[in-house]
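Q: For reference, the file start_37.cif (mmCIF, C-alpha atoms and all ligand atoms) is included below:
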```
data_protein
#
loop_
_atom_site.label_atom_id
_atom_site.label_comp_id
_atom_site.auth_asym_id
_atom_site.auth_seq_id
_atom_site.Cartn_x
_atom_site.Cartn_y
_atom_site.Cartn_z
CA MET A 1 -27.44 -6.77 210.14
CA GLU A 2 -30.19 -4.43 208.97
CA THR A 3 -28.13 -1.58 210.38
CA ILE A 4 -25.15 -2.69 208.33
CA GLN A 5 -27.30 -2.82 205.20
CA SER A 6 -28.73 0.65 205.79
CA TYR A 7 -25.23 2.01 206.51
CA LEU A 8 -23.98 0.55 203.24
CA ASN A 9 -27.00 1.90 201.39
CA GLN A 10 -26.16 5.40 202.54
CA HIS A 11 -22.41 5.14 202.18
CA ASP A 12 -22.20 3.53 198.73
CA PRO A 13 -25.58 2.74 197.20
CA GLU A 14 -24.01 1.34 194.04
CA VAL A 15 -22.05 -1.34 195.89
CA ALA A 16 -24.90 -1.88 198.37
CA ALA A 17 -27.24 -2.66 195.49
CA VAL A 18 -24.94 -5.42 194.20
CA LEU A 19 -24.44 -6.85 197.70
CA ASP A 20 -28.18 -6.87 198.17
CA ALA A 21 -28.72 -8.58 194.83
CA GLU A 22 -26.24 -11.31 195.78
CA SER A 23 -28.04 -11.86 199.10
CA ILE A 24 -31.33 -12.20 197.27
CA ARG A 25 -29.76 -14.63 194.77
CA GLN A 26 -28.40 -16.77 197.61
CA LYS A 27 -31.71 -16.64 199.46
CA SER A 28 -33.82 -17.73 196.50
CA THR A 29 -31.71 -20.40 194.74
CA LEU A 30 -30.28 -23.76 195.76
CA SER A 31 -26.48 -23.94 196.14
CA LEU A 32 -25.52 -27.45 195.11
CA ILE A 33 -21.85 -26.65 194.50
CA PRO A 34 -20.05 -29.04 196.87
CA SER A 35 -17.36 -26.51 197.80
CA GLU A 36 -19.81 -23.78 198.84
CA ASN A 37 -21.44 -23.17 202.20
CA TYR A 38 -22.96 -20.53 204.47
CA THR A 39 -20.87 -19.18 207.34
CA SER A 40 -22.22 -18.29 210.74
CA MET A 41 -22.97 -14.70 211.68
CA ALA A 42 -19.94 -14.79 214.02
CA VAL A 43 -17.60 -15.72 211.16
CA ARG A 44 -18.96 -12.89 209.04
CA LEU A 45 -18.60 -10.37 211.83
CA ALA A 46 -14.98 -11.38 212.43
CA LEU A 47 -14.27 -10.89 208.73
CA ALA A 48 -15.57 -7.33 209.01
CA SER A 49 -13.59 -6.64 212.22
CA SER A 50 -10.79 -4.11 212.79
CA PHE A 51 -8.16 -6.81 212.18
CA THR A 52 -8.67 -6.05 208.50
CA ASN A 53 -6.64 -2.88 209.12
CA LYS A 54 -3.54 -4.59 210.51
CA TYR A 55 -0.35 -5.89 208.92
CA ALA A 56 1.29 -8.80 210.76
CA GLU A 57 4.17 -10.26 208.71
CA GLY A 58 5.91 -13.00 210.62
CA TYR A 59 4.56 -15.33 213.28
CA PRO A 60 3.43 -14.91 216.90
CA TYR A 61 6.31 -17.18 218.02
CA PHE A 62 9.90 -18.20 217.26
CA TRP A 63 11.17 -21.67 216.45
CA GLU A 64 13.92 -22.64 218.92
CA ASN A 65 15.41 -26.16 218.89
CA GLY A 66 12.36 -27.60 217.14
CA GLU A 67 9.87 -26.01 219.57
CA ARG A 68 7.59 -23.00 219.07
CA SER A 69 8.47 -20.42 221.67
CA MET A 70 4.96 -19.03 221.98
CA GLN A 71 5.77 -16.16 224.32
CA LYS A 72 8.17 -14.56 221.82
CA ASN A 73 6.93 -12.10 219.24
CA GLY A 74 8.16 -13.01 215.74
CA ARG A 75 6.44 -10.17 213.87
CA TYR A 76 8.27 -7.63 211.77
CA TYR A 77 6.02 -4.65 212.60
CA ARG A 78 4.88 -3.33 215.98
CA GLY A 79 1.36 -3.24 217.42
CA GLN A 80 0.90 -7.00 217.48
CA ALA A 81 -0.44 -7.79 220.96
CA ASN A 82 -3.87 -8.71 219.62
CA THR A 83 -2.81 -10.27 216.31
CA ASN A 84 -0.52 -12.53 218.34
CA ASP A 85 -3.33 -13.53 220.68
CA ILE A 86 -5.74 -14.31 217.86
CA GLU A 87 -3.24 -16.28 215.76
CA ARG A 88 -2.10 -18.32 218.79
CA LEU A 89 -5.75 -19.08 219.55
CA ALA A 90 -6.45 -20.09 215.93
CA ILE A 91 -3.39 -22.39 215.95
CA GLU A 92 -4.37 -23.96 219.28
CA ARG A 93 -7.90 -24.64 218.02
CA ALA A 94 -6.71 -25.92 214.62
CA LEU A 95 -4.41 -28.43 216.37
CA LYS A 96 -7.15 -29.53 218.74
CA LEU A 97 -9.67 -29.99 215.91
CA PHE A 98 -7.43 -31.61 213.31
CA THR A 99 -4.67 -33.57 215.01
CA PRO A 100 -4.58 -36.65 217.26
CA ASN A 101 -1.93 -35.06 219.48
CA PRO A 102 -1.53 -31.25 219.41
CA GLN A 103 1.93 -31.50 221.00
CA ALA A 104 3.30 -33.48 218.07
CA TYR A 105 1.92 -31.32 215.26
CA HIS A 106 2.15 -27.81 213.88
CA ALA A 107 -0.50 -25.61 212.24
CA ASN A 108 0.06 -22.70 209.90
CA VAL A 109 -3.13 -20.63 209.64
CA GLN A 110 -1.77 -18.02 207.23
CA PRO A 111 -2.33 -19.51 203.71
CA LEU A 112 -4.72 -17.25 201.84
CA SER A 113 -6.53 -20.24 200.40
CA GLY A 114 -6.11 -23.88 199.40
CA SER A 115 -4.02 -23.26 196.29
CA PRO A 116 -1.34 -21.23 198.13
CA ALA A 117 -1.38 -23.85 200.90
CA ASN A 118 -0.58 -26.61 198.40
CA LEU A 119 2.03 -24.50 196.64
CA ALA A 120 3.69 -23.67 199.98
CA VAL A 121 3.97 -27.39 200.78
CA LEU A 122 5.68 -28.08 197.45
CA HIS A 123 7.92 -25.03 197.87
CA ALA A 124 8.92 -26.22 201.35
CA PHE A 125 10.13 -29.68 200.32
CA LEU A 126 10.81 -29.75 196.57
CA LYS A 127 13.21 -27.93 194.28
CA PRO A 128 12.02 -26.94 190.79
CA GLY A 129 12.09 -30.06 188.62
CA ASP A 130 11.65 -32.50 191.53
CA THR A 131 9.01 -35.20 191.13
CA PHE A 132 5.70 -35.58 192.96
CA LEU A 133 2.55 -37.65 192.38
CA GLY A 134 -0.98 -36.25 192.31
CA LEU A 135 -4.42 -37.24 191.06
CA SER A 136 -5.11 -36.20 187.47
CA LEU A 137 -7.56 -33.27 187.11
CA ASP A 138 -9.90 -35.13 184.76
CA TYR A 139 -10.15 -37.94 187.34
CA GLY A 140 -11.21 -35.56 190.11
CA GLY A 141 -7.86 -34.12 191.20
CA HIS A 142 -7.18 -30.42 191.79
CA LEU A 143 -5.29 -28.01 189.52
CA THR A 144 -2.62 -27.63 192.21
CA HIS A 145 -1.99 -31.38 192.28
CA GLY A 146 0.27 -30.93 189.26
CA HIS A 147 -1.87 -29.94 186.27
CA ARG A 148 0.30 -28.63 183.45
CA VAL A 149 -1.43 -25.21 183.31
CA ASN A 150 -0.84 -24.66 187.03
CA ILE A 151 2.44 -23.50 188.57
CA THR A 152 2.65 -26.84 190.41
CA GLY A 153 2.77 -28.66 187.05
CA ALA A 154 4.96 -26.06 185.36
CA SER A 155 7.64 -25.86 188.09
CA TYR A 156 7.83 -29.46 189.27
CA ARG A 157 7.80 -32.82 187.51
CA ALA A 158 4.24 -33.89 188.27
CA VAL A 159 3.30 -37.50 187.60
CA SER A 160 -0.46 -38.05 187.55
CA TYR A 161 -2.26 -41.12 188.80
CA ARG A 162 -5.81 -41.95 187.76
CA LEU A 163 -8.82 -43.93 188.94
CA ASN A 164 -9.72 -47.44 187.83
CA ALA A 165 -12.68 -48.34 185.58
CA ASP A 166 -15.00 -48.23 188.63
CA TYR A 167 -13.89 -44.65 189.39
CA GLU A 168 -12.00 -45.80 192.49
CA LEU A 169 -8.48 -44.89 193.54
CA ASP A 170 -6.15 -47.56 192.17
CA TYR A 171 -3.74 -48.05 195.07
CA ASP A 172 -1.72 -50.68 193.19
CA GLU A 173 -1.13 -48.25 190.34
CA ILE A 174 -0.11 -45.51 192.77
CA ARG A 175 2.39 -47.92 194.34
CA GLU A 176 3.77 -48.83 190.92
CA LEU A 177 4.13 -45.17 189.93
CA ALA A 178 5.84 -44.42 193.24
CA ARG A 179 8.31 -47.27 192.68
CA LEU A 180 8.95 -46.16 189.12
CA HIS A 181 9.36 -42.42 189.68
CA SER A 182 10.70 -42.18 193.27
CA PRO A 183 8.70 -39.00 194.03
CA LYS A 184 9.72 -36.77 196.92
CA LEU A 185 6.09 -36.28 197.77
CA ILE A 186 2.68 -37.80 197.07
CA ILE A 187 -0.47 -35.65 197.20
CA CYS A 188 -3.79 -37.36 197.76
CA GLY A 189 -7.22 -35.77 197.96
CA ALA A 190 -9.59 -34.57 195.29
CA THR A 191 -12.24 -32.12 194.23
CA ALA A 192 -14.60 -34.54 192.50
CA TYR A 193 -14.15 -37.94 194.13
CA PRO A 194 -17.30 -39.40 195.75
CA LEU A 195 -15.62 -42.24 197.69
CA GLN A 196 -13.57 -42.58 200.89
CA ILE A 197 -9.79 -42.37 200.78
CA ASP A 198 -7.60 -45.05 202.38
CA PHE A 199 -4.99 -42.79 204.00
CA GLN A 200 -3.36 -45.72 205.79
CA ARG A 201 -2.61 -47.48 202.53
CA LEU A 202 -1.32 -44.29 200.93
CA GLY A 203 0.89 -43.70 203.96
CA GLU A 204 2.43 -47.16 203.49
CA ILE A 205 3.04 -46.44 199.79
CA ALA A 206 4.66 -43.10 200.59
CA ARG A 207 6.92 -44.55 203.28
CA GLU A 208 7.97 -47.40 201.00
CA ALA A 209 8.93 -44.81 198.34
CA GLY A 210 10.66 -42.51 200.84
CA ALA A 211 8.15 -39.79 199.98
CA LEU A 212 6.15 -37.39 202.14
CA LEU A 213 2.39 -37.96 202.07
CA VAL A 214 0.28 -34.80 201.77
CA ALA A 215 -3.48 -35.16 202.22
CA ASP A 216 -5.47 -32.31 200.70
CA ILE A 217 -8.75 -32.74 202.56
CA ALA A 218 -10.34 -29.43 201.54
CA HIS A 219 -13.51 -31.19 200.39
CA ILE A 220 -13.90 -33.73 203.17
CA CYS A 221 -12.25 -32.12 206.21
CA GLY A 222 -15.51 -31.99 208.15
CA LEU A 223 -16.06 -35.71 207.61
CA CYS A 224 -12.52 -36.55 208.75
CA VAL A 225 -12.62 -34.49 211.95
CA THR A 226 -16.00 -35.86 213.02
CA GLY A 227 -15.18 -39.53 212.46
CA HIS A 228 -17.44 -40.03 209.44
CA HIS A 229 -14.39 -40.70 207.24
CA PRO A 230 -10.91 -42.04 208.04
CA HIS A 231 -8.56 -39.40 209.43
CA PRO A 232 -5.41 -38.62 207.41
CA PHE A 233 -3.23 -38.41 210.55
CA PRO A 234 -1.02 -40.15 211.54
CA HIS A 235 -0.63 -41.66 208.04
CA ALA A 236 -0.06 -38.34 206.28
CA ASP A 237 2.93 -36.17 207.08
CA LEU A 238 1.06 -33.03 206.11
CA VAL A 239 -2.57 -32.04 205.66
CA THR A 240 -3.82 -29.08 203.67
CA THR A 241 -7.38 -27.81 203.62
CA THR A 242 -9.47 -24.80 202.87
CA THR A 243 -11.64 -23.51 205.68
CA HIS A 244 -14.63 -22.27 203.68
CA LYS A 245 -16.06 -25.46 202.22
CA MET A 246 -17.53 -28.07 204.51
CA LEU A 247 -15.89 -26.34 207.50
CA ARG A 248 -18.14 -23.25 207.06
CA GLY A 249 -15.38 -20.77 207.90
CA PRO A 250 -13.83 -17.86 206.00
CA ARG A 251 -12.24 -18.23 202.56
CA ALA A 252 -8.77 -19.34 203.62
CA GLY A 253 -6.26 -22.19 203.72
CA LEU A 254 -4.63 -24.17 206.50
CA ILE A 255 -1.58 -26.44 206.68
CA LEU A 256 -1.11 -29.02 209.44
CA CYS A 257 2.04 -31.09 209.70
CA LYS A 258 4.22 -33.20 211.93
CA LYS A 259 6.00 -30.77 214.20
CA GLU A 260 9.46 -31.40 212.77
CA LEU A 261 8.20 -30.15 209.39
CA GLY A 262 6.84 -26.92 210.93
CA PRO A 263 9.87 -24.64 210.41
CA ALA A 264 10.05 -25.51 206.70
CA ILE A 265 6.31 -24.92 206.25
CA ASP A 266 6.40 -21.59 208.06
CA GLN A 267 9.37 -20.44 206.00
CA ALA A 268 7.61 -21.48 202.78
CA VAL A 269 4.37 -19.63 203.59
CA PHE A 270 6.12 -16.47 204.78
CA PRO A 271 8.42 -15.17 203.41
CA GLY A 272 8.54 -17.87 200.73
CA LEU A 273 5.16 -17.28 199.14
CA GLN A 274 3.09 -14.64 200.92
CA GLY A 275 3.42 -11.33 202.70
CA GLY A 276 1.21 -10.38 205.62
CA PRO A 277 -1.55 -12.75 206.74
CA HIS A 278 -5.16 -11.56 206.69
CA MET A 279 -5.76 -11.29 210.42
CA ASN A 280 -9.52 -10.74 210.11
CA THR A 281 -9.63 -14.07 208.31
CA VAL A 282 -7.48 -15.71 210.99
CA ALA A 283 -9.96 -14.50 213.62
CA ALA A 284 -12.84 -15.92 211.59
CA MET A 285 -10.97 -19.22 211.24
CA ALA A 286 -10.60 -19.46 215.01
CA ILE A 287 -14.37 -19.08 215.33
CA ALA A 288 -15.06 -21.71 212.66
CA PHE A 289 -12.68 -24.20 214.32
CA ARG A 290 -14.54 -23.86 217.62
CA GLU A 291 -17.89 -24.26 215.89
CA ALA A 292 -16.62 -27.43 214.20
CA MET A 293 -15.75 -28.98 217.58
CA SER A 294 -19.40 -28.90 218.63
CA GLU A 295 -21.85 -31.78 218.79
CA ASP A 296 -24.07 -29.85 216.35
CA TYR A 297 -21.31 -29.86 213.78
CA LYS A 298 -20.81 -33.60 214.17
CA MET A 299 -24.52 -34.14 213.48
CA TYR A 300 -24.31 -31.73 210.55
CA ALA A 301 -21.44 -33.73 209.00
CA GLY A 302 -23.41 -36.98 209.27
CA GLN A 303 -26.46 -35.34 207.70
CA ILE A 304 -24.36 -34.09 204.77
CA VAL A 305 -23.54 -37.70 203.87
CA ARG A 306 -27.10 -38.96 204.39
CA ASN A 307 -28.38 -36.15 202.20
CA ALA A 308 -25.87 -36.92 199.44
CA LYS A 309 -26.76 -40.63 199.54
CA THR A 310 -30.48 -39.83 199.30
CA LEU A 311 -29.94 -37.47 196.38
CA ALA A 312 -27.78 -40.09 194.67
CA GLU A 313 -30.47 -42.77 195.09
CA VAL A 314 -33.21 -40.54 193.67
CA LEU A 315 -31.14 -39.46 190.67
CA GLN A 316 -29.86 -42.95 189.93
CA ALA A 317 -33.35 -44.45 190.11
CA GLU A 318 -34.49 -41.94 187.47
CA GLY A 319 -31.66 -42.84 185.07
CA PHE A 320 -28.73 -40.54 185.87
CA SER A 321 -25.32 -42.17 185.56
CA LEU A 322 -23.17 -41.63 188.68
CA MET A 323 -19.38 -41.83 188.49
CA GLY A 324 -18.37 -44.55 190.94
CA GLY A 325 -22.00 -45.70 191.05
CA ARG A 326 -22.57 -44.20 194.51
CA THR A 327 -21.42 -41.58 196.99
CA GLU A 328 -19.74 -42.03 200.36
CA ASN A 329 -19.24 -38.34 201.05
CA HIS A 330 -20.82 -34.97 200.29
CA LEU A 331 -20.76 -35.01 196.50
CA LEU A 332 -21.97 -36.79 193.42
CA LEU A 333 -20.56 -36.62 189.95
CA LEU A 334 -23.09 -37.21 187.18
CA ASP A 335 -22.07 -38.35 183.72
CA ILE A 336 -24.84 -36.46 181.99
CA VAL A 337 -23.82 -37.42 178.48
CA HIS A 338 -24.31 -41.11 179.30
CA SER A 339 -27.43 -40.83 181.44
CA ASP A 340 -30.63 -42.67 180.38
CA ASN A 341 -34.33 -42.20 180.41
CA GLY A 342 -34.46 -38.74 178.83
CA LEU A 343 -31.74 -37.40 181.13
CA ALA A 344 -28.83 -37.23 178.67
CA ALA A 345 -27.65 -33.73 177.76
CA LYS A 346 -25.16 -32.55 175.17
CA ASP A 347 -22.66 -31.21 177.72
CA GLY A 348 -22.35 -29.90 181.25
CA HIS A 349 -21.82 -26.30 180.18
CA TRP A 350 -25.19 -26.13 178.46
CA LEU A 351 -27.00 -28.03 181.21
CA SER A 352 -25.55 -25.89 184.01
CA ILE A 353 -26.94 -22.77 182.30
CA ARG A 354 -30.37 -24.37 181.95
CA TRP A 355 -30.35 -25.53 185.57
CA GLU A 356 -29.45 -22.03 186.75
CA ARG A 357 -32.60 -20.73 185.07
CA ALA A 358 -34.49 -23.13 187.31
CA GLY A 359 -32.64 -21.90 190.44
CA LEU A 360 -30.37 -24.97 190.65
CA ILE A 361 -26.79 -23.71 191.06
CA ALA A 362 -24.29 -26.46 190.30
CA ASN A 363 -21.05 -26.78 188.40
CA LYS A 364 -20.09 -28.54 185.21
CA ASN A 365 -17.22 -30.96 185.73
CA ALA A 366 -14.83 -33.03 183.67
CA VAL A 367 -15.16 -36.80 183.71
CA PRO A 368 -12.46 -39.21 182.48
CA GLY A 369 -11.93 -38.97 178.75
CA ASP A 370 -13.19 -35.39 178.42
CA LYS A 371 -11.08 -33.32 176.04
CA LYS A 372 -12.73 -29.90 176.42
CA PRO A 373 -12.85 -28.61 180.02
CA TRP A 374 -15.25 -25.81 179.01
CA TYR A 375 -17.70 -28.37 177.59
CA PRO A 376 -17.31 -31.33 179.95
CA SER A 377 -19.61 -34.34 180.20
CA GLY A 378 -20.21 -34.14 183.94
CA MET A 379 -22.14 -32.18 186.56
CA ARG A 380 -20.96 -32.06 190.18
CA LEU A 381 -23.49 -31.79 193.01
CA GLY A 382 -22.93 -31.43 196.74
CA THR A 383 -24.95 -31.22 199.92
CA PRO A 384 -22.88 -29.14 202.45
CA ALA A 385 -24.72 -25.84 201.80
CA VAL A 386 -28.26 -27.19 201.70
CA THR A 387 -27.55 -29.24 204.83
CA THR A 388 -26.45 -26.07 206.64
CA LEU A 389 -29.88 -24.66 205.79
CA GLY A 390 -31.47 -27.56 207.66
CA MET A 391 -32.55 -29.65 204.69
CA LYS A 392 -32.82 -33.38 205.25
CA GLU A 393 -33.70 -36.53 203.29
CA VAL A 394 -37.25 -35.39 202.51
CA GLU A 395 -35.99 -32.17 200.93
CA MET A 396 -33.29 -34.10 199.04
CA ARG A 397 -36.03 -36.15 197.37
CA GLN A 398 -37.66 -32.89 196.32
CA VAL A 399 -34.32 -31.50 195.09
CA GLY A 400 -33.76 -34.72 193.12
CA ASP A 401 -37.16 -34.30 191.54
CA TRP A 402 -36.35 -30.72 190.52
CA ILE A 403 -33.03 -31.85 189.00
CA VAL A 404 -34.80 -34.55 187.00
CA ARG A 405 -37.50 -32.14 185.79
CA ALA A 406 -34.96 -29.41 184.94
CA THR A 407 -32.95 -31.93 182.91
CA ARG A 408 -35.84 -33.52 181.04
CA GLY A 409 -37.34 -30.07 180.53
CA ALA A 410 -34.05 -28.27 179.86
CA ASP A 411 -35.42 -26.89 176.58
CA ASN A 412 -38.70 -25.85 178.13
CA ASP A 413 -38.46 -22.31 179.54
CA ALA A 414 -41.91 -22.48 181.14
CA GLU A 415 -40.96 -25.64 183.08
CA LEU A 416 -37.68 -24.06 184.24
CA GLU A 417 -39.59 -21.00 185.43
CA ARG A 418 -42.08 -23.19 187.33
CA ILE A 419 -39.19 -24.95 189.09
CA ARG A 420 -37.51 -21.61 189.88
CA VAL A 421 -40.69 -20.40 191.62
CA GLU A 422 -41.03 -23.67 193.57
CA ILE A 423 -37.39 -23.47 194.71
CA ALA A 424 -37.73 -19.82 195.74
CA SER A 425 -40.79 -20.78 197.74
CA MET A 426 -38.97 -23.61 199.55
CA MET A 427 -35.99 -21.31 200.20
CA GLU A 428 -38.29 -18.91 202.05
CA ARG A 429 -38.52 -21.61 204.72
CA PHE A 430 -34.81 -22.44 204.76
CA ALA A 431 -32.72 -19.38 203.80
CA PRO A 432 -30.22 -18.44 206.51
CA ARG A 433 -30.97 -15.40 208.62
CA GLN A 434 -27.43 -14.02 208.64
CA PHE A 435 -27.62 -12.36 205.23
CA VAL A 436 -27.06 -8.62 205.13
N1 LIG B 1 -12.85 -24.57 193.38
C1 LIG B 1 -12.78 -25.62 194.36
C2 LIG B 1 -13.89 -26.60 194.19
O1 LIG B 1 -14.95 -26.18 193.78
O2 LIG B 1 -13.71 -27.77 194.44
C3 LIG B 1 -11.47 -26.27 194.39
O3 LIG B 1 -10.48 -25.31 194.45
#
```
As structure tokens, please, write out the structure in this file.

A:
Amino acid sequence: METIQSYLNQHDPEVAAVLDAESIRQKSTLSLIPSENYTSMAVRLALASSFTNKYAEGYPYFWENGERSMQKNGRYYRGQANTNDIERLAIERALKLFTPNPQAYHANVQPLSGSPANLAVLHAFLKPGDTFLGLSLDYGGHLTHGHRVNITGASYRAVSYRLNADYELDYDEIRELARLHSPKLIICGATAYPLQIDFQRLGEIAREAGALLVADIAHICGLCVTGHHPHPFPHADLVTTTTHKMLRGPRAGLILCKKELGPAIDQAVFPGLQGGPHMNTVAAMAIAFREAMSEDYKMYAGQIVRNAKTLAEVLQAEGFSLMGGRTENHLLLLDIVHSDNGLAAKDGHWLSIRWERAGLIANKNAVPGDKKPWYPSGMRLGTPAVTTLGMKEVEMRQVGDWIVRATRGADNDAELERIRVEIASMMERFAPRQFV
């Protein structure tokens, strides 16, 4: 990696300086954004591989009578021997990692990220104006689950469901909405939901309504595939995920579905939505899928949850208000406007800036009732990245202490600077070695 850095320094010192600065930032601050992580060296090398030079529109197979004919080349351009091999391998590994029975499912590894994956699913099964249900953004849902400013809300009739007063999914309300609106599809999954999801119950609701169930597990995929959370299959008809969050792969998206839905999904991804897949990313995905099948990864996933629970306990004991009152996964959502004991702040925007000065990198987040997304009342915290670094419960208590001090002392620049130095010192012990 030093060779790569010195090559970049010589080739383009201006860009090299910014890359170097970002490495230093990542090495000296704490990433508490629940959707961020650190990839392995192997994933990073695959991203920089010669596949980045290759176009590969199409698929490394043909659909014939509901089966993928894997030995047939379905690409539009020539020179695909290796792209075909790598995409077939990525598909095989995705099916092995994510599905109960690889023979009965299909995987499309081409979505460029989670948003295009979700849009492709809607494009495959809905016509403009058709109805689907999704979790409201200010209750932890994702933009692509039908928010009005997103193409999914602008092109389709999106009906939003919410959480109950305890910040839990309200399955009875979802059933009522499904009965009332007869959606073609129900999306479940979230970006700021700290509790487990009952996929079985949602599957029953979807079947009763004659709708497809799509589980967007981008945030929790690692917990589902290692048995720490319920698995969406066989209850869901389709699963979407990103591969760069808890999964620690490249920035990309993935769609898994019952095999009979495969031709429609493939058609929707290409040519429906995208052009050529990013084959360097597909290679990196294949590596990440294999890594996630390991015993180490299973232990990592369990530690993510233990770390989040420890952080939640420390923060709650000090007076922070937690949405849902607890966490069962990798994230916590703090209502910082309604926290006690000197921990209330005017808004998440302001607090996130103050925390960053202390080396605590987190994101502001809407909580129910917020009217201004730029000035929300919440802060979202997650443990996947710090757990990758090897941090455990003891470090989470220290992190909790820093968060408390940086909140009580948010107006005190000297205190923020002291915390920044302490964090940088701890990161010297934990920062990953794969940085260029
Ligand atoms: N931006 C992602 C997250 O942070 O959850 C979702 O797309």

Q: Would you mind listing what lies within 7 Å of range 289-298 of chain A as a list in words, with only C-alpha atoms counted and same-chain residues fewer than 3 positions away left out?

A: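 My list of contacting residues is Arg93, Ala94, Leu97, Thr226, Leu247, Met285, Ala286, Ala301 and Gly302 of chain A.
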
Q: Which residues come within 6 Å of Ile336 in chain A, counting only C-alpha atoms, excluding same-chain residues fewer than 6 positions away, as a count of residues only?

A: 4

Q: May I ask for the distance between CA of Ala48 in chain A and CA of Leu95 in chain A, given in Å to one decimal place?

A: 25.0 Å

Q: Could you list, as a ChimeraX atom specification, all the residues within 7 Å of ligand LIG 1 (chain B), counting all atoms listed in the file?

A: /A:33-35,114,142,191,219

Q: Under the rule that all atoms listed in the file are counted, which of A:Pro263, A:Gly79, A:Pro384, A:Gly203 is the nearest residue to His244 in chain A?

A: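 Comparing A:Pro263, A:Gly79, A:Pro384, A:Gly203 against His244 in chain A, the winner is A:Pro384.
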